[in-house]
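Structure file target23.cif (mmCIF, C-alpha atoms) follows.
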```
data_work
loop_
_atom_site.label_atom_id
_atom_site.label_comp_id
_atom_site.auth_asym_id
_atom_site.auth_seq_id
_atom_site.Cartn_x
_atom_site.Cartn_y
_atom_site.Cartn_z
CA MET N 1 23.90 -24.81 -1.33
CA PRO N 2 21.03 -22.52 -2.29
CA ARG N 3 22.26 -19.56 -4.33
CA ASP N 4 19.05 -17.88 -5.47
CA ALA N 5 15.88 -16.51 -3.94
CA SER N 6 13.56 -19.25 -5.19
CA GLU N 7 15.64 -22.05 -3.66
CA LEU N 8 15.96 -20.21 -0.33
CA ALA N 9 12.21 -19.58 -0.29
CA ARG N 10 11.52 -23.29 -0.93
CA ARG N 11 13.82 -24.36 1.89
CA LEU N 12 12.17 -21.92 4.29
CA ALA N 13 8.71 -23.14 3.23
CA ARG N 14 9.60 -26.72 4.17
CA ASP N 15 9.67 -25.54 7.78
CA ALA N 16 7.18 -22.67 7.48
CA GLU N 17 5.83 -22.93 11.01
CA ALA N 18 9.29 -22.62 12.55
CA VAL N 19 9.96 -19.56 10.38
CA CYS N 20 6.69 -18.00 11.53
CA ARG N 21 7.31 -18.74 15.19
CA HIS N 22 10.71 -17.04 14.94
CA TYR N 23 9.98 -13.99 12.75
CA LEU N 24 6.23 -13.56 13.35
CA SER N 25 6.28 -14.31 17.06
CA THR N 26 3.20 -12.23 17.91
CA GLY N 27 1.01 -14.56 15.81
CA ARG N 28 -0.27 -18.06 16.32
CA ARG N 29 -1.20 -21.20 14.41
CA GLN N 30 -4.80 -21.61 13.29
CA GLY N 31 -5.30 -24.88 11.42
CA ARG N 32 -3.17 -24.85 8.27
CA TYR N 33 -2.28 -21.17 8.66
CA TRP N 34 -0.20 -18.87 10.82
CA THR N 35 -2.12 -15.68 11.59
CA VAL N 36 -0.60 -12.34 12.60
CA GLY N 37 -1.33 -8.63 12.19
CA ASP N 38 1.05 -7.97 9.30
CA VAL N 39 4.39 -8.93 7.78
CA ARG N 40 6.19 -6.59 10.20
CA ASN N 41 5.05 -8.80 13.14
CA THR N 42 2.32 -6.49 14.41
CA PRO N 43 -0.20 -8.28 16.66
CA GLY N 44 -3.47 -9.07 14.91
CA ARG N 45 -5.16 -11.56 12.57
CA SER N 46 -5.34 -10.02 9.10
CA MET N 47 -2.27 -11.79 7.64
CA PHE N 48 -2.38 -15.51 6.82
CA VAL N 49 0.70 -17.67 6.08
CA ARG N 50 0.18 -21.12 4.54
CA LEU N 51 2.01 -23.72 6.61
CA SER N 52 1.56 -26.59 4.15
CA GLY N 53 1.01 -27.05 0.45
CA PRO N 54 2.92 -27.62 -2.80
CA GLU N 55 6.35 -26.14 -3.47
CA PHE N 56 5.16 -24.04 -6.40
CA GLY N 57 2.08 -22.21 -7.66
CA PRO N 58 -1.21 -21.31 -5.99
CA GLY N 59 -1.51 -22.47 -2.40
CA ALA N 60 2.22 -23.09 -1.99
CA ALA N 61 3.55 -23.45 1.54
CA GLY N 62 5.10 -20.24 2.85
CA HIS N 63 2.95 -17.94 0.73
CA TRP N 64 1.08 -15.27 2.66
CA THR N 65 -1.60 -12.64 2.11
CA ASP N 66 -2.56 -9.64 4.24
CA ALA N 67 -6.30 -9.19 3.85
CA ALA N 68 -6.16 -5.65 5.25
CA SER N 69 -3.43 -4.20 3.02
CA ALA N 70 -3.60 -6.58 -0.01
CA GLU N 71 0.15 -7.24 0.43
CA HIS N 72 1.38 -10.77 -0.29
CA GLY N 73 4.64 -12.62 -0.71
CA ASP N 74 6.78 -15.51 0.52
CA LEU N 75 8.90 -16.20 3.60
CA LEU N 76 11.85 -14.19 2.29
CA ASP N 77 9.54 -11.16 2.34
CA VAL N 78 8.65 -12.05 5.95
CA ILE N 79 12.34 -12.02 6.90
CA ARG N 80 12.97 -8.75 5.05
CA GLU N 81 10.07 -6.85 6.58
CA SER N 82 10.15 -8.28 10.12
CA CYS N 83 13.92 -7.63 10.38
CA GLY N 84 13.78 -4.24 8.65
CA LEU N 85 16.27 -5.28 5.95
CA VAL N 86 16.67 -3.58 2.56
CA ASP N 87 19.39 -5.33 0.53
CA PHE N 88 18.59 -8.82 -0.76
CA ARG N 89 22.07 -9.96 0.27
CA ASP N 90 21.22 -9.19 3.91
CA VAL N 91 17.87 -11.01 3.57
CA ALA N 92 19.58 -14.05 2.02
CA ASP N 93 22.25 -14.12 4.72
CA GLU N 94 19.61 -13.98 7.45
CA ALA N 95 17.69 -16.82 5.75
CA ARG N 96 20.85 -18.92 5.52
CA ARG N 97 21.61 -18.20 9.18
CA PHE N 98 18.13 -19.42 10.14
CA LEU N 99 18.52 -22.53 7.98
CA SER N 100 22.04 -23.14 9.42
CA LEU N 101 23.55 -22.86 5.95
CA PRO N 102 26.94 -21.27 5.22
CA CYS N 103 27.04 -17.96 3.39
CA VAL N 104 27.78 -18.18 -0.32
CA GLU N 105 31.00 -16.20 0.15
CA PRO N 106 32.64 -14.23 2.95
CA ARG N 107 31.21 -10.82 3.60
CA PRO N 108 33.49 -8.05 2.30
CA THR N 109 34.77 -5.54 4.81
CA SER N 110 33.06 -2.71 2.94
CA LYS N 111 29.45 -2.77 1.75
CA PRO N 112 29.32 -3.50 -2.00
CA ALA N 113 27.77 -0.94 -4.29
CA ARG N 114 24.18 -1.65 -5.16
CA THR N 115 23.47 -2.46 -8.80
CA PRO N 116 22.32 0.80 -10.39
CA VAL N 117 18.83 1.02 -11.84
CA SER N 118 17.23 3.54 -14.16
CA VAL N 119 15.91 6.68 -12.50
CA GLY N 120 12.12 6.52 -12.31
CA SER N 121 11.96 2.79 -13.10
CA PRO N 122 9.70 0.29 -11.29
CA GLU N 123 12.78 -1.16 -9.55
CA ALA N 124 13.78 2.32 -8.36
CA ALA N 125 10.25 2.73 -7.01
CA ARG N 126 10.44 -0.59 -5.15
CA ARG N 127 13.79 0.39 -3.61
CA LEU N 128 12.45 3.76 -2.50
CA PHE N 129 9.46 2.13 -0.81
CA ALA N 130 11.69 -0.47 0.87
CA MET N 131 13.96 2.27 2.24
CA SER N 132 10.99 4.10 3.78
CA ARG N 133 9.33 3.28 7.08
CA PRO N 134 5.74 2.87 8.39
CA ILE N 135 3.91 6.15 8.93
CA GLY N 136 3.06 5.72 12.62
CA GLY N 137 4.34 8.68 14.63
CA THR N 138 5.87 10.37 11.56
CA LEU N 139 5.27 13.61 9.65
CA VAL N 140 2.95 11.70 7.32
CA GLU N 141 0.45 11.34 10.16
CA THR N 142 0.87 15.03 10.94
CA TYR N 143 0.27 15.96 7.32
CA LEU N 144 -2.81 13.76 6.94
CA CYS N 145 -4.29 15.02 10.21
CA SER N 146 -3.80 18.58 8.95
CA ARG N 147 -5.97 17.56 5.99
CA GLY N 148 -8.69 16.25 8.32
CA ILE N 149 -7.76 12.60 7.72
CA GLU N 150 -7.63 10.59 10.94
CA PRO N 151 -7.34 7.78 11.66
CA VAL N 152 -5.79 6.21 8.54
CA HIS N 153 -7.24 2.76 7.83
CA ASP N 154 -5.06 0.10 6.12
CA ALA N 155 -2.01 2.34 5.81
CA GLY N 156 0.30 -0.39 4.48
CA ALA N 157 0.47 1.36 1.10
CA LEU N 158 1.91 4.50 2.72
CA ARG N 159 5.38 5.05 4.16
CA PHE N 160 7.58 7.91 5.33
CA HIS N 161 11.02 8.90 4.06
CA PRO N 162 12.76 11.59 6.15
CA ARG N 163 15.15 12.77 3.40
CA CYS N 164 13.70 12.04 -0.02
CA TYR N 165 15.57 13.50 -2.98
CA TYR N 166 13.93 16.32 -4.92
CA ARG N 167 15.41 17.98 -8.00
CA PRO N 168 13.47 20.90 -9.51
CA ASP N 169 15.02 20.35 -12.97
CA GLU N 170 18.13 18.95 -14.62
CA ARG N 171 20.10 22.16 -14.07
CA SER N 172 19.27 22.53 -10.36
CA PRO N 173 21.01 20.95 -7.37
CA THR N 174 19.34 18.06 -5.58
CA GLU N 175 17.41 18.91 -2.41
CA THR N 176 16.11 16.65 0.34
CA TRP N 177 12.71 16.93 1.97
CA PRO N 178 10.59 14.63 4.14
CA ALA N 179 8.07 12.79 2.00
CA MET N 180 5.02 10.56 2.04
CA ILE N 181 5.77 7.56 -0.18
CA ALA N 182 2.84 5.59 -1.61
CA ALA N 183 3.20 2.18 -3.27
CA VAL N 184 1.52 1.79 -6.65
CA THR N 185 0.55 -1.85 -7.13
CA ASP N 186 -1.05 -4.06 -9.76
CA LEU N 187 -4.04 -6.34 -9.18
CA ASP N 188 -1.75 -9.03 -7.75
CA GLY N 189 -0.22 -6.65 -5.21
CA ARG N 190 3.15 -6.28 -6.94
CA ILE N 191 4.73 -2.84 -6.61
CA THR N 192 5.00 -1.24 -10.06
CA GLY N 193 5.64 2.36 -9.04
CA ALA N 194 5.68 4.89 -6.25
CA HIS N 195 4.17 8.31 -5.61
CA ARG N 196 6.02 10.96 -3.62
CA THR N 197 4.44 13.86 -1.74
CA TRP N 198 7.18 16.10 -0.35
CA LEU N 199 6.20 17.61 2.99
CA ALA N 200 6.99 20.75 4.94
CA PRO N 201 9.58 20.17 7.72
CA ASP N 202 6.84 20.34 10.38
CA GLY N 203 4.39 18.18 8.39
CA PHE N 204 1.77 20.93 8.14
CA GLY N 205 1.31 21.06 4.39
CA LYS N 206 3.47 20.24 1.42
CA ALA N 207 7.07 21.30 0.92
CA PRO N 208 7.57 24.75 -0.64
CA VAL N 209 8.72 23.40 -4.01
CA ASP N 210 7.34 23.81 -7.52
CA THR N 211 6.04 20.23 -7.91
CA PRO N 212 5.51 18.68 -4.46
CA ARG N 213 3.90 15.58 -6.01
CA ARG N 214 5.63 13.24 -8.43
CA ALA N 215 5.15 9.63 -9.49
CA MET N 216 7.68 7.11 -10.78
CA GLY N 217 7.61 3.62 -12.25
CA GLY N 218 4.76 1.86 -14.00
CA LEU N 219 1.46 3.62 -13.30
CA LEU N 220 -0.89 2.80 -16.20
CA GLY N 221 -3.70 0.56 -15.00
CA HIS N 222 -2.39 0.45 -11.44
CA ALA N 223 -3.16 2.34 -8.22
CA VAL N 224 -2.39 3.07 -4.58
CA ARG N 225 -4.67 0.61 -2.76
CA PHE N 226 -6.36 0.73 0.64
CA GLY N 227 -7.95 -2.58 1.58
CA ALA N 228 -8.38 -5.73 -0.51
CA ALA N 229 -11.08 -5.44 -3.18
CA ASP N 230 -13.62 -8.20 -3.71
CA ASP N 231 -17.09 -7.39 -5.05
CA VAL N 232 -17.20 -3.66 -4.24
CA LEU N 233 -14.51 -1.03 -4.82
CA ALA N 234 -14.33 2.78 -4.73
CA VAL N 235 -11.77 4.51 -6.95
CA GLY N 236 -10.69 8.10 -7.52
CA GLU N 237 -7.75 10.29 -8.43
CA GLY N 238 -5.91 11.58 -5.35
CA ILE N 239 -4.58 9.80 -2.28
CA GLU N 240 -6.06 12.40 0.07
CA THR N 241 -9.40 12.19 -1.76
CA MET N 242 -9.66 8.44 -1.22
CA LEU N 243 -8.36 8.60 2.35
CA SER N 244 -11.10 11.16 3.08
CA LEU N 245 -13.67 8.65 1.85
CA ARG N 246 -12.02 5.99 4.01
CA CYS N 247 -12.69 8.16 7.05
CA ALA N 248 -16.40 7.86 6.31
CA LEU N 249 -16.35 4.29 4.92
CA PRO N 250 -13.39 2.53 6.59
CA ALA N 251 -14.62 -0.95 5.60
CA MET N 252 -14.91 -0.21 1.87
CA PRO N 253 -11.83 -1.07 -0.24
CA MET N 254 -10.51 1.91 -2.21
CA ALA N 255 -7.85 2.80 -4.75
CA ALA N 256 -6.25 6.07 -5.85
CA ALA N 257 -5.20 6.17 -9.51
CA LEU N 258 -3.24 9.46 -9.02
CA SER N 259 -4.62 11.34 -12.04
CA ALA N 260 -7.74 11.60 -14.21
CA ASN N 261 -6.04 9.90 -17.16
CA HIS N 262 -4.84 7.01 -15.02
CA LEU N 263 -8.28 6.71 -13.42
CA ALA N 264 -9.85 6.28 -16.85
CA ALA N 265 -7.37 3.46 -17.62
CA LEU N 266 -7.53 1.68 -14.25
CA LEU N 267 -7.59 -2.13 -14.44
CA LEU N 268 -10.54 -3.61 -12.56
CA PRO N 269 -10.51 -6.76 -10.38
CA PRO N 270 -12.22 -9.76 -12.03
CA THR N 271 -14.39 -10.35 -8.93
CA LEU N 272 -15.87 -6.85 -9.01
CA CYS N 273 -19.65 -6.42 -9.13
CA ARG N 274 -20.04 -2.74 -8.29
CA LEU N 275 -17.65 0.17 -8.79
CA TYR N 276 -17.92 3.60 -7.16
CA VAL N 277 -16.10 6.35 -9.01
CA ALA N 278 -15.24 9.29 -6.75
CA ARG N 279 -15.11 12.05 -9.33
CA ASP N 280 -13.32 15.35 -8.96
CA ALA N 281 -15.59 18.26 -9.85
CA ASP N 282 -13.81 19.42 -12.99
CA ALA N 283 -13.72 18.67 -16.71
CA ALA N 284 -10.95 16.08 -16.38
CA GLY N 285 -12.88 14.33 -13.62
CA ASP N 286 -16.01 14.20 -15.79
CA MET N 287 -14.06 12.66 -18.67
CA ALA N 288 -12.45 10.06 -16.39
CA LEU N 289 -15.84 9.16 -14.92
CA ALA N 290 -17.38 8.69 -18.38
CA ALA N 291 -14.50 6.57 -19.68
CA LEU N 292 -14.25 4.33 -16.62
CA THR N 293 -18.02 3.91 -16.39
CA GLU N 294 -18.15 2.77 -20.01
CA ARG N 295 -15.36 0.25 -19.47
CA ALA N 296 -16.93 -1.06 -16.27
CA GLU N 297 -20.35 -1.55 -17.84
CA GLU N 298 -18.82 -3.35 -20.81
CA ALA N 299 -17.31 -5.77 -18.28
CA GLY N 300 -20.69 -6.28 -16.60
CA ILE N 301 -19.82 -4.16 -13.57
CA GLU N 302 -22.32 -1.69 -12.18
CA ALA N 303 -20.72 1.77 -12.00
CA LEU N 304 -21.98 4.55 -9.73
CA ALA N 305 -20.63 8.07 -9.36
CA LEU N 306 -19.78 9.65 -6.02
CA SER N 307 -19.86 13.44 -6.36
CA PRO N 308 -18.38 15.97 -3.90
CA ARG N 309 -20.10 19.21 -2.94
CA ILE N 310 -17.00 21.31 -3.68
CA GLY N 311 -13.93 20.25 -5.66
CA ASP N 312 -13.09 16.85 -4.18
CA PHE N 313 -13.90 14.82 -1.09
CA ASN N 314 -10.97 16.10 0.93
CA GLU N 315 -12.25 19.63 0.43
CA ASP N 316 -15.70 18.43 1.55
CA LEU N 317 -14.25 16.74 4.64
CA ARG N 318 -12.37 19.86 5.71
CA ALA N 319 -15.19 22.26 4.90
CA PHE N 320 -18.19 20.38 6.29
CA GLY N 321 -16.84 17.72 8.66
CA LEU N 322 -17.06 13.95 8.83
CA GLY N 323 -20.74 13.77 9.80
CA ALA N 324 -21.81 15.84 6.80
CA LEU N 325 -19.58 13.78 4.51
CA ARG N 326 -21.22 10.56 5.71
CA ALA N 327 -24.67 12.02 5.17
CA ALA N 328 -23.79 13.14 1.63
CA LEU N 329 -22.36 9.73 0.77
CA ARG N 330 -25.25 7.74 2.23
CA VAL N 331 -27.71 8.93 -0.44
CA GLN N 332 -25.21 8.18 -3.23
CA LEU N 333 -24.55 4.56 -2.24
CA ALA N 334 -26.59 1.56 -3.35
CA PRO N 335 -29.00 0.71 -0.49
CA GLN N 336 -27.26 -2.59 0.25
CA ASP N 337 -23.89 -0.87 0.46
CA ALA N 338 -25.20 1.89 2.70
CA ALA N 339 -26.32 -0.82 5.13
CA ARG N 340 -23.14 -2.83 4.69
CA PHE N 341 -20.50 -0.10 4.87
CA MET N 342 -22.12 2.86 6.62
CA HIS N 343 -23.15 0.92 9.73
CA ARG N 344 -19.71 -0.69 10.07
CA GLY N 345 -17.99 2.62 9.41
CA ILE N 346 -19.89 4.41 12.19
CA ARG N 347 -19.19 1.60 14.62
CA LEU N 348 -15.45 1.54 13.83
CA THR N 349 -15.16 5.29 14.17
CA THR N 350 -16.98 5.26 17.48
CA ILE N 351 -14.57 2.64 18.83
CA SER N 352 -11.60 4.78 17.80
CA GLY N 353 -12.92 7.65 19.87
CA ARG N 354 -13.39 9.98 16.92
CA PRO N 355 -16.55 12.11 16.57
#
```
Could you render the structure from this file as structure tokens?
Amino acid sequence: MPRDASELARRLARDAEAVCRHYLSTGRRQGRYWTVGDVRNTPGRSMFVRLSGPEFGPGAAGHWTDAASAEHGDLLDVIRESCGLVDFRDVADEARRFLSLPCVEPRPTSKPARTPVSVGSPEAARRLFAMSRPIGGTLVETYLCSRGIEPVHDAGALRFHPRCYYRPDERSPTETWPAMIAAVTDLDGRITGAHRTWLAPDGFGKAPVDTPRRAMGGLLGHAVRFGAADDVLAVGEGIETMLSLRCALPAMPMAAALSANHLAALLLPPTLCRLYVARDADAAGDMALAALTERAEEAGIEALALSPRIGDFNEDLRAFGLGALRAALRVQLAPQDAARFMHRGIRLTTISGRP
């Protein structure tokens, strides 16, 4: 009887198509793959599940990748996300039910306590993200719209938690506020940390607390990612900064490093040919730009700066509007990227009904 995740995943992969038909029912088979919108069974074609292949390693059956969000995983992840489960025990029990296997032991009448983890650890970050929900129709959308950011492209890295803990300091009582939760991931898409932005109860602005933004887990070298990077990538400090750029360039992959120091230390994809650094207009932003540019050029990557007119690109978006932001970016892009990303961006925005 399978007792661990790897054995359950292998058994599911042996009948990957049946798993996909059951848990990803809005998708369909295309050759050796099952295609669907995302791991939560949204209609679409950006996620690909391998239906055949070896049991281990690259190209293994049951492994999947979402080209839009850069998420990836195995069929246990499909069960967890499509069923909205959090605890691994629940995921394993659902997998055993699908495979017609008995449970390892009878379920206790009361829910067992979850194994504690260190506060602020990568595992704590992963649990927080798993407990949160997609941002559609939540205060996160309200907050981002109040910052001029709409629509949000490739929002898989963002989630909403309605009652996220906040503690001003060790001597103060714990408070709860709604929060935007962002997954910090490494180059392979593994969650290493999380970033919390506590929000006002109506979503219009941040919560009235001393530090409405905090990060947890492993951050160095990693980022909040929007889109899967290949040969071109834009990077910057803040989530709102990079989402503002995504409004103008929705087809360009982007990453938010969360601070100037982390931007300077960001790990770069091995396939990268050109890097755009969206600098904040301050001394820390200048230092991050210089450090990251030097590292990129040493790796043979062309580095180009994107400079805002005011403090950052979210300020530009709110002050001057989307059309002016596009115009300012067009002259800062390499000619081939202006043709590649600007044209597609305008077309996508027109389809969405936005000005």
>> Under the PyMOL selection byres ((chain N and resi 235) around 6), which residues of this model are included? Write them out as a list of chain:residue names.
In response: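 Evaluating the PyMOL selection byres ((chain N and resi 235) around 6) on these coordinates yields N:Ala234, N:Gly236, N:Met254, N:Ala255, N:Ala256, N:Val277, N:Ala278.
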> Hey, what's within 8 Å of N:Ala5 if we count only C-alpha atoms and toss same-chain stuff fewer than 3 positions away? As a ChimeraX atom specification, please?
Replying inline: /N:8-9,76,92
> Do you know which residues lie at most 9 Å from (10.8, -13.0, 6.2), with coordinates as in the file and only C-alpha atoms counted, and could you write them as a PyMOL selection string?
Replying inline: chain N and resi 19-20+23-24+39-40+74-83+91+94-95
>> Assuming the chain letters and numbering stay as they are in my file, what does the PyMOL selection byres ((chain N and resi 125-141) around 8) actually select? List them as a ChimeraX atom specification.
In response: /N:86,120-124,142-145,155-156,158-161,178-183,191-194,199,202-203,216-217
> What is the atom CA of N:Asp210 to atom CA of N:Arg163 distance in Å?
Replying inline: 17.4 Å
>> If the PyMOL selection byres ((chain N and resi 237-251) around 8) were run on this exact file, what residues would it hold? Put them as number ranges by chain.
In response: N: 144, 147-153, 224, 227, 235-236, 252-260, 262-263, 278-280, 312-314, 317, 322, 325-326, 341-342, 344-346, 348
Produce the centre coordinates and the three edge lengths, each in Å to one decimal, of the box along x, y and z that contains all listed atoms of stretch 166-181 of chain N with 3 Å added on each side, as AutoDock Vina command-line options.
```
--center_x 13.0 --center_y 15.0 --center_z -5.2 --size_x 22.0 --size_y 21.0 --size_z 24.8
```
>> What does the structure give for the distance between atom CA of N:Ala70 and atom CA of N:Leu266, in Å to one decimal?
In response: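 Going from atom CA of N:Ala70 over to atom CA of N:Leu266, I get 16.9 Å.
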> With distances taken over only C-alpha atoms, which of N:Asp286, N:Ala324, N:Pro58, N:Glu294 is nearest to N:Gly311?
Replying inline: N:Asp286
> atom CA of N:Asp186 to atom CA of N:Arg214: how many Å, to one decimal?
Replying inline: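 Taking atom CA of N:Asp186 as the start and atom CA of N:Arg214 as the end point, the length is 18.6 Å.
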> Excluding same-chain residues fewer than 5 positions from stretch 52-54 of chain N, what lies within 12 Å of it counting only C-alpha atoms, as number ranges by chain?
Replying inline: N: 10, 12-17, 29, 31-34, 59-64
>> Just checking: using only C-alpha atoms, which residue out of N:Gly218, N:Leu304, N:His195, N:Asp188 ends up closest to N:Pro270?
In response: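 Between N:Gly218, N:Leu304, N:His195, N:Asp188, the residue approaching N:Pro270 most closely is N:Asp188.
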